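Below is the file run-v3.csv, which contains CSV, C-alpha atoms and all ligand atoms.
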```
chain,number,residue,atom,x,y,z
A,153,MET,CA,81.3,113.9,100.9
A,154,LYS,CA,82.7,113.4,97.5
A,155,TYR,CA,86.3,113.2,96.3
A,156,ALA,CA,87.4,113.1,92.7
A,157,SER,CA,88.8,109.7,91.9
A,158,LEU,CA,92.4,109.3,93.0
A,159,VAL,CA,93.7,107.5,90.0
A,160,GLY,CA,90.6,105.9,88.5
A,161,HIS,CA,89.2,102.4,89.1
A,162,THR,CA,90.2,99.4,87.1
A,163,PRO,CA,87.0,97.4,86.6
A,164,GLU,CA,88.7,94.2,85.5
A,165,GLN,CA,90.1,94.0,89.1
A,166,SER,CA,86.8,94.5,90.8
A,167,PRO,CA,85.5,91.9,93.3
A,168,SER,CA,82.7,91.0,91.0
A,169,SER,CA,84.9,88.5,89.2
A,170,SER,CA,84.9,85.1,90.9
A,171,SER,CA,88.7,84.6,91.1
A,172,PHE,CA,89.2,88.0,92.7
A,173,ARG,CA,91.7,88.1,95.6
A,174,GLY,CA,91.9,91.4,97.5
A,175,ARG,CA,95.2,92.5,99.1
A,176,ILE,CA,95.6,92.1,102.9
A,177,VAL,CA,97.9,94.7,104.5
A,178,ALA,CA,98.9,94.5,108.2
A,179,VAL,CA,99.7,97.9,109.7
A,180,ALA,CA,102.3,97.0,112.3
A,181,ASN,CA,105.0,98.4,114.6
A,182,GLN,CA,105.4,97.1,118.1
A,183,LYS,CA,106.2,100.7,119.2
A,184,GLY,CA,103.2,102.5,120.6
A,185,GLY,CA,101.7,105.7,119.3
A,186,VAL,CA,103.5,105.8,115.9
A,187,GLY,CA,100.4,106.3,113.8
A,188,LYS,CA,99.3,102.7,113.0
A,189,THR,CA,95.6,103.3,113.7
A,190,THR,CA,95.5,106.8,112.1
A,191,THR,CA,97.2,105.3,109.0
A,192,ALA,CA,94.8,102.3,108.8
A,193,ILE,CA,91.7,104.5,109.1
A,194,ASN,CA,92.8,107.3,106.7
A,195,VAL,CA,94.3,105.2,104.0
A,196,ALA,CA,91.3,102.9,104.0
A,197,THR,CA,88.9,105.8,104.0
A,198,SER,CA,90.7,107.5,101.1
A,199,LEU,CA,90.5,104.3,99.1
A,200,ALA,CA,86.9,103.8,99.9
A,201,LEU,CA,86.0,107.4,98.9
A,202,ASP,CA,87.7,106.6,95.6
A,203,GLY,CA,85.3,103.7,95.1
A,204,HIS,CA,87.4,100.8,96.2
A,205,SER,CA,85.8,98.2,98.5
A,206,VAL,CA,87.8,98.2,101.7
A,207,LEU,CA,87.6,96.2,105.0
A,208,LEU,CA,89.2,97.5,108.2
A,209,VAL,CA,90.0,94.9,110.8
A,210,ASP,CA,90.6,95.9,114.4
A,211,VAL,CA,92.8,93.4,116.3
A,212,ASP,CA,94.0,95.8,119.0
A,213,PRO,CA,92.2,95.4,122.4
A,214,GLN,CA,92.4,99.2,122.8
A,215,ALA,CA,89.9,99.3,119.9
A,216,ASN,CA,91.0,102.7,118.8
A,217,LEU,CA,90.3,101.9,115.2
A,218,THR,CA,86.7,100.9,116.0
A,219,SER,CA,86.1,104.2,117.9
A,220,GLY,CA,88.0,106.2,115.3
A,221,VAL,CA,85.4,105.4,112.7
A,222,GLY,CA,82.7,106.2,115.2
A,223,MET,CA,81.7,102.6,116.0
A,224,LYS,CA,82.8,102.2,119.6
A,225,GLY,CA,80.9,99.3,121.3
A,226,GLN,CA,79.3,98.0,118.1
A,227,ARG,CA,79.1,94.3,117.3
A,228,ALA,CA,78.2,92.6,114.1
A,229,HIS,CA,75.7,89.8,114.4
A,230,GLY,CA,78.5,87.2,114.8
A,231,GLY,CA,80.2,89.5,117.4
A,232,THR,CA,83.5,91.2,117.3
A,233,ALA,CA,87.1,90.3,116.3
A,234,TYR,CA,87.3,88.3,119.5
A,235,GLU,CA,84.5,85.9,118.5
A,236,ALA,CA,85.8,85.8,114.9
A,237,LEU,CA,89.2,84.6,116.2
A,238,MET,CA,87.9,82.1,118.7
A,239,ASN,CA,84.9,80.6,116.9
A,240,GLU,CA,86.4,78.3,114.3
A,241,ASN,CA,83.1,77.4,112.7
A,242,ALA,CA,81.5,80.8,112.4
A,243,ASP,CA,80.9,82.5,109.1
A,244,PRO,CA,83.5,85.2,108.6
A,245,ALA,CA,80.9,87.5,106.9
A,246,SER,CA,78.9,87.6,110.2
A,247,PHE,CA,81.6,89.8,111.8
A,248,VAL,CA,81.6,92.5,109.1
A,249,LEU,CA,79.7,95.8,109.7
A,250,PRO,CA,79.1,98.6,107.2
A,251,THR,CA,80.5,102.0,108.3
A,252,ARG,CA,79.1,105.5,107.6
A,253,VAL,CA,81.6,105.7,104.7
A,254,GLU,CA,80.4,104.1,101.5
A,255,HIS,CA,82.5,101.1,100.4
A,256,LEU,CA,84.2,100.9,103.9
A,257,SER,CA,83.4,98.0,106.2
A,258,LEU,CA,84.8,97.1,109.7
A,259,ILE,CA,85.4,94.0,111.8
A,260,PRO,CA,85.2,95.8,115.2
A,261,ALA,CA,87.1,95.1,118.4
A,262,ASP,CA,86.4,95.6,122.1
A,263,ARG,CA,88.2,94.9,125.3
A,264,ASN,CA,87.4,91.2,125.2
A,265,LEU,CA,90.2,90.9,122.7
A,266,THR,CA,92.7,91.1,125.5
A,267,GLY,CA,91.7,87.6,126.5
A,268,ALA,CA,92.2,86.2,122.9
A,269,GLU,CA,96.0,86.7,123.2
A,270,ILE,CA,96.0,84.1,126.1
A,271,GLU,CA,93.0,82.0,125.0
A,272,MET,CA,94.5,81.3,121.5
A,273,VAL,CA,97.7,79.8,123.0
A,274,PRO,CA,96.4,76.2,123.4
A,275,LEU,CA,94.6,76.3,120.0
A,276,LEU,CA,95.8,74.2,117.1
A,277,ALA,CA,97.2,76.5,114.4
A,278,ARG,CA,96.9,79.4,116.9
A,279,GLU,CA,98.9,81.7,114.4
A,280,ARG,CA,96.3,81.1,111.7
A,281,CYS,CA,93.0,82.1,113.4
A,282,LEU,CA,92.9,85.5,111.6
A,283,GLN,CA,93.9,84.0,108.3
A,284,ARG,CA,91.0,81.6,108.5
A,285,VAL,CA,88.6,84.6,109.0
A,286,LEU,CA,90.1,86.8,106.3
A,287,GLU,CA,90.8,84.4,103.5
A,288,PRO,CA,87.2,83.9,102.5
A,289,LEU,CA,86.6,87.7,102.6
A,290,ARG,CA,89.3,88.5,100.0
A,291,ALA,CA,86.8,87.8,97.3
A,292,ARG,CA,84.6,90.7,98.6
A,293,PHE,CA,87.2,93.4,99.3
A,294,GLU,CA,89.9,95.0,97.2
A,295,PHE,CA,91.9,95.9,100.3
A,296,ILE,CA,91.8,94.6,103.8
A,297,PHE,CA,93.8,96.6,106.4
A,298,ILE,CA,94.5,95.1,109.8
A,299,ASP,CA,95.3,97.5,112.7
A,300,CYS,CA,97.8,95.7,115.0
A,301,PRO,CA,98.4,96.4,118.7
A,302,PRO,CA,101.7,97.8,119.9
A,303,SER,CA,103.3,94.4,120.6
A,304,LEU,CA,104.7,91.5,118.8
A,305,GLY,CA,102.4,89.0,120.5
A,306,LEU,CA,100.0,86.5,119.1
A,307,LEU,CA,97.5,89.1,117.7
A,308,THR,CA,100.2,90.8,115.6
A,309,LEU,CA,101.6,87.4,114.6
A,310,ASN,CA,98.1,86.4,113.4
A,311,ALA,CA,98.0,89.6,111.4
A,312,LEU,CA,101.4,89.0,109.8
A,313,VAL,CA,100.5,85.4,108.9
A,314,ALA,CA,97.2,86.5,107.3
A,315,ALA,CA,98.7,89.4,105.4
A,316,ASP,CA,100.3,89.7,101.9
A,317,ALA,CA,102.3,92.7,103.1
A,318,VAL,CA,103.1,94.8,106.2
A,319,LEU,CA,102.9,98.6,106.2
A,320,ILE,CA,105.2,100.0,108.9
A,321,PRO,CA,104.5,103.5,110.2
A,322,LEU,CA,107.6,105.2,111.8
A,323,HIS,CA,107.3,108.2,114.0
A,324,CYS,CA,109.9,110.8,112.9
A,325,GLU,CA,111.6,111.2,116.2
A,326,TYR,CA,115.0,110.3,117.7
A,327,PHE,CA,114.2,106.7,118.7
A,328,ALA,CA,112.3,105.9,115.4
A,329,LEU,CA,114.7,103.1,114.4
A,330,GLU,CA,115.1,101.7,117.9
A,331,GLY,CA,113.3,98.4,118.2
A,332,LEU,CA,113.0,98.0,114.5
A,333,ALA,CA,115.5,95.1,114.6
A,334,ASP,CA,112.9,93.2,116.6
A,335,LEU,CA,110.2,93.9,114.0
A,336,VAL,CA,112.5,93.0,111.1
A,337,GLY,CA,113.5,89.8,113.0
A,338,THR,CA,109.9,88.9,113.5
A,339,LEU,CA,109.2,89.4,109.8
A,340,ARG,CA,112.1,87.2,108.9
A,341,ARG,CA,110.8,84.4,111.3
A,342,VAL,CA,107.3,84.7,109.9
A,343,ARG,CA,108.6,84.4,106.3
A,344,GLY,CA,110.7,81.4,107.3
A,345,ALA,CA,108.0,79.4,109.1
A,346,LEU,CA,104.5,80.7,108.4
A,347,ASN,CA,104.1,83.1,105.5
A,348,PRO,CA,107.0,82.9,103.0
A,349,ALA,CA,105.3,85.5,100.7
A,350,LEU,CA,105.0,88.2,103.3
A,351,ASP,CA,106.2,91.5,101.7
A,352,ILE,CA,106.8,95.0,103.0
A,353,GLU,CA,104.1,97.2,101.6
A,354,GLY,CA,106.1,100.2,102.6
A,355,VAL,CA,107.6,102.1,105.5
A,356,LEU,CA,105.7,105.3,106.2
A,357,LEU,CA,107.2,108.4,107.9
A,358,THR,CA,104.6,109.9,110.3
A,359,MET,CA,104.2,112.9,112.4
A,360,TYR,CA,106.9,114.7,110.5
A,361,ASP,CA,107.7,118.2,111.6
A,362,ASP,CA,109.5,120.0,108.8
A,363,ARG,CA,110.5,122.9,111.2
A,364,THR,CA,113.0,120.7,112.9
A,365,ASN,CA,116.3,119.3,111.7
A,366,LEU,CA,115.6,116.1,113.6
A,367,GLY,CA,112.7,115.2,111.4
A,368,GLN,CA,114.9,115.6,108.3
A,369,LEU,CA,117.7,113.6,109.9
A,370,VAL,CA,115.4,110.7,110.9
A,371,ALA,CA,113.8,110.7,107.4
A,372,ARG,CA,117.3,110.4,105.9
A,373,ASP,CA,118.3,107.5,108.3
A,374,VAL,CA,115.1,105.6,107.5
A,375,ARG,CA,115.6,106.0,103.8
A,376,ASP,CA,119.3,104.8,104.1
A,377,PHE,CA,118.0,101.7,106.0
A,378,PHE,CA,114.9,100.8,104.1
A,379,LYS,CA,115.8,102.3,100.7
A,380,ASP,CA,112.9,102.3,98.2
A,381,LYS,CA,110.6,100.5,100.6
A,382,VAL,CA,110.0,104.0,102.1
A,383,PHE,CA,106.9,105.7,100.7
A,384,ASN,CA,107.6,109.0,99.0
A,385,THR,CA,104.6,110.4,100.8
A,386,ILE,CA,105.3,111.7,104.3
A,387,ILE,CA,102.6,112.3,106.9
A,388,PRO,CA,103.1,115.6,108.6
A,389,ARG,CA,102.3,116.3,112.3
A,390,ASN,CA,98.8,117.8,111.9
A,391,VAL,CA,96.5,118.9,114.7
A,392,ARG,CA,93.4,118.0,112.7
A,393,LEU,CA,94.5,114.4,112.4
A,394,GLY,CA,94.9,114.3,116.1
A,395,GLU,CA,91.5,115.8,116.8
A,396,ALA,CA,89.5,113.6,114.4
A,397,PRO,CA,89.3,110.4,116.5
A,398,SER,CA,87.6,112.2,119.4
A,399,HIS,CA,84.8,113.0,116.9
A,400,GLY,CA,84.6,109.3,115.6
A,401,THR,CA,85.4,110.6,112.1
A,402,PRO,CA,88.4,109.7,109.9
A,403,GLY,CA,90.8,112.6,109.5
A,404,VAL,CA,90.3,112.7,105.7
A,405,LEU,CA,86.6,113.5,106.3
A,406,TYR,CA,87.0,115.6,109.5
A,407,ASP,CA,88.9,118.3,107.7
A,408,THR,CA,89.2,117.5,104.0
A,409,LYS,CA,91.4,120.6,103.4
A,410,SER,CA,93.9,119.8,106.1
A,411,ARG,CA,97.5,118.9,105.3
A,412,GLY,CA,97.0,115.6,107.1
A,413,ALA,CA,94.0,114.7,104.9
A,414,ALA,CA,95.9,115.6,101.8
A,415,ALA,CA,98.9,113.5,102.9
A,416,TYR,CA,96.8,110.4,103.5
A,417,ILE,CA,95.0,110.8,100.1
A,418,ALA,CA,98.4,111.1,98.5
A,419,LEU,CA,99.5,107.9,100.3
A,420,ALA,CA,96.4,106.0,99.0
A,421,LYS,CA,97.3,107.2,95.5
A,422,GLU,CA,100.9,106.1,95.9
A,423,MET,CA,99.8,102.7,97.0
A,424,ILE,CA,97.5,102.3,94.0
A,425,SER,CA,100.2,103.3,91.6
A,426,ARG,CA,102.8,101.0,93.3
A,427,HIS,CA,100.3,98.1,92.8
A,428,ALA,CA,99.8,99.0,89.2
A,429,GLN,CA,103.6,98.9,88.7
A,430,ARG,CA,103.8,95.5,90.5
A,431,ALA,CA,101.0,94.1,88.4
A,432,ALA,CA,102.6,95.3,85.2
B,501,LIG,N1,100.1,112.9,111.8
B,501,LIG,C1,99.6,113.2,113.0
B,501,LIG,N2,99.6,114.4,113.5
B,501,LIG,C2,99.1,114.6,114.8
B,501,LIG,N3,98.7,113.7,115.6
B,501,LIG,C3,98.7,112.4,115.1
B,501,LIG,C4,99.1,112.1,113.8
B,501,LIG,N4,99.0,110.8,113.7
B,501,LIG,C5,98.5,110.3,114.8
B,501,LIG,N5,98.3,111.3,115.7
B,501,LIG,C6,97.8,111.1,117.1
B,501,LIG,O1,98.8,110.5,117.8
B,501,LIG,C7,98.3,109.5,118.7
B,501,LIG,C8,98.8,108.1,118.3
B,501,LIG,O2,98.4,107.8,117.0
B,501,LIG,P1,97.8,106.4,116.6
B,501,LIG,O3,96.7,106.0,117.7
B,501,LIG,O4,97.4,106.4,115.2
B,501,LIG,O5,99.1,105.5,116.9
B,501,LIG,P2,99.2,103.9,117.1
B,501,LIG,O6,100.5,103.5,116.6
B,501,LIG,O7,98.0,103.3,116.5
B,501,LIG,O8,99.1,103.8,118.7
B,501,LIG,P3,99.0,102.4,119.5
B,501,LIG,O9,100.4,101.8,119.4
B,501,LIG,O10,98.6,102.8,120.9
B,501,LIG,O11,98.0,101.6,118.9
B,501,LIG,C9,96.8,109.6,118.5
B,501,LIG,O12,96.3,110.5,119.5
B,501,LIG,C10,96.6,110.2,117.1
B,501,LIG,O13,95.4,110.9,117.0
B,502,MG,MG,96.6,101.9,117.4
```

Once you've parsed the file, please lay out its structure as structure tokens.
Amino acid sequence: MKYASLVGHTPEQSPSSSSFRGRIVAVANQKGGVGKTTTAINVATSLALDGHSVLLVDVDPQANLTSGVGMKGQRAHGGTAYEALMNENADPASFVLPTRVEHLSLIPADRNLTGAEIEMVPLLARERCLQRVLEPLRARFEFIFIDCPPSLGLLTLNALVAADAVLIPLHCEYFALEGLADLVGTLRRVRGALNPALDIEGVLLTMYDDRTNLGQLVARDVRDFFKDKVFNTIIPRNVRLGEAPSHGTPGVLYDTKSRGAAAYIALAKEMISRHAQRAA
């Protein structure tokens, strides 16, 4: 499977230089089923197909990200995200698996991760377990995407502490903005106490149905609230994106010509150009 380059690679930013620090993005929203996992998989795959080195990190005990890239039940030689979080002395590289997509790697999860939420509680620096794992991996990957569970518990907190920025998918439906105050409050607390530099990568409108007025109204409200933090790219509701996980294939590869695939490729492109603007 070959895609033309999205915007072209910038070799001076490649992980081959010793001071390289990849960008860590947490995909988070405590609301369930808003497209977090679909977004993490498809934006990461689009970037990898464009030649960027990308790591996906599954910190959701549902492990939908792991099965969505066709790797359900797989463990790296160090184990899964559970062992990575709990074993302070393990080598972070020992949890990274290659996927079937060139340039795309994965730290997989399984059900054991449910226990981590409780077992991390008594640990010293329990909010920094994931940061400890990912920090050394920044030198190897241009982008690291963390797929969070639908809660604001310790696993999501670890992701927000480890990340440079949070990408917030919002389902275009009536209650889209409900509960966002909790997320925004959590981001404020994380910035205040644990990760002052945490940025908003962008707010992403997902499952948009342009046949309904509701979708348009929600999109307008979200733009009023988050202003230019909202990505220009909108992800449409698309059957092919919904089917792809049951085939263990990222949507952008499952049906490359679908509207859903095109939207995620456009999102990856928008992210890259925003980064270029920020760097300039
Ligand atoms: N744009 C879309 N069009 C159609 N179906 C979609 C789209 N995005 C996601 N889906 C489907 O909607 C469901 C929820 O998506 P997804 O798993 O990405 O959400 P999530 O926020 O990660 O959920 P959870 O909170 O349970 O982790 C999945 O079955 C997925 O395949
Ligand atoms: Mg999910």

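Taking CA of Val313 in chain A and CA of Gln283 in chain A as endpoints, the distance between them is 6.8 Å.
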
Residues within 10 Å of (111.4, 106.9, 110.8), counting only C-alpha atoms, listed as a PyMOL selection string: chain A and resi 186+320-330+332+355-360+367-375+377-378+382

Surrounding residues of Leu309 in chain A excluding itself and chain neighbours under 2 positions, 10 Å, only C-alpha atoms, as a list of chain:residue names: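 Those residues are A:Ala178, A:Ala180, A:Arg278, A:Glu279, A:Arg280, A:Leu282, A:Cys300, A:Ser303, A:Leu304, A:Gly305, A:Leu306, A:Leu307, A:Ala311, A:Leu312, A:Val313, A:Ala314, A:Ala315, A:Thr338, A:Leu339, A:Val342, A:Leu346.
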
Those same residues, written as a compact mmCIF listing (two decimals), keeping the file's coordinate frame with C-alpha atoms?
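Generated file (out13.txt):
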```
# COMPACT_ATOMS: atom_id res chain seq x y z
CA ALA A 178 98.90 94.50 108.20
CA ALA A 180 102.30 97.00 112.30
CA ARG A 278 96.90 79.40 116.90
CA GLU A 279 98.90 81.70 114.40
CA ARG A 280 96.30 81.10 111.70
CA LEU A 282 92.90 85.50 111.60
CA CYS A 300 97.80 95.70 115.00
CA SER A 303 103.30 94.40 120.60
CA LEU A 304 104.70 91.50 118.80
CA GLY A 305 102.40 89.00 120.50
CA LEU A 306 100.00 86.50 119.10
CA LEU A 307 97.50 89.10 117.70
CA ALA A 311 98.00 89.60 111.40
CA LEU A 312 101.40 89.00 109.80
CA VAL A 313 100.50 85.40 108.90
CA ALA A 314 97.20 86.50 107.30
CA ALA A 315 98.70 89.40 105.40
CA THR A 338 109.90 88.90 113.50
CA LEU A 339 109.20 89.40 109.80
CA VAL A 342 107.30 84.70 109.90
CA LEU A 346 104.50 80.70 108.40
```

Counting all atoms listed in the file, the option among A:Arg284, A:Arg430, A:Arg340, A:Arg227 closest to Leu258 in chain A: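 Smallest separation from Leu258 in chain A among the options: A:Arg227.
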
Contacts with ligand LIG 501 (chain B) at most 10 Å, only C-alpha atoms and all ligand atoms counted, listed as a PyMOL selection string: chain A and resi 179-194+212-217+220+299-303+320-323+357-361+386-398+403+411-413+415-416

Of the listed residues A:Val221, A:Leu276, A:Val285, A:Ala414, that which approaches Ser246 in chain A most closely, counting all atoms listed in the file: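 Among the listed residues, A:Val285 lies closest to Ser246 in chain A.
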
Near-Glu235 in chain A list (9 Å; all atoms listed in the file; drop same-chain fewer than 6 positions) as a ChimeraX atom specification: /A:242,247,265,268

Residue nearest ligand MG 502 (chain B) - candidates A:Thr197, A:Ser219, A:Asn241, A:Asn264, atoms counted: all atoms listed in the file: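 Result for the nearest residue to ligand MG 502 (chain B): A:Ser219.
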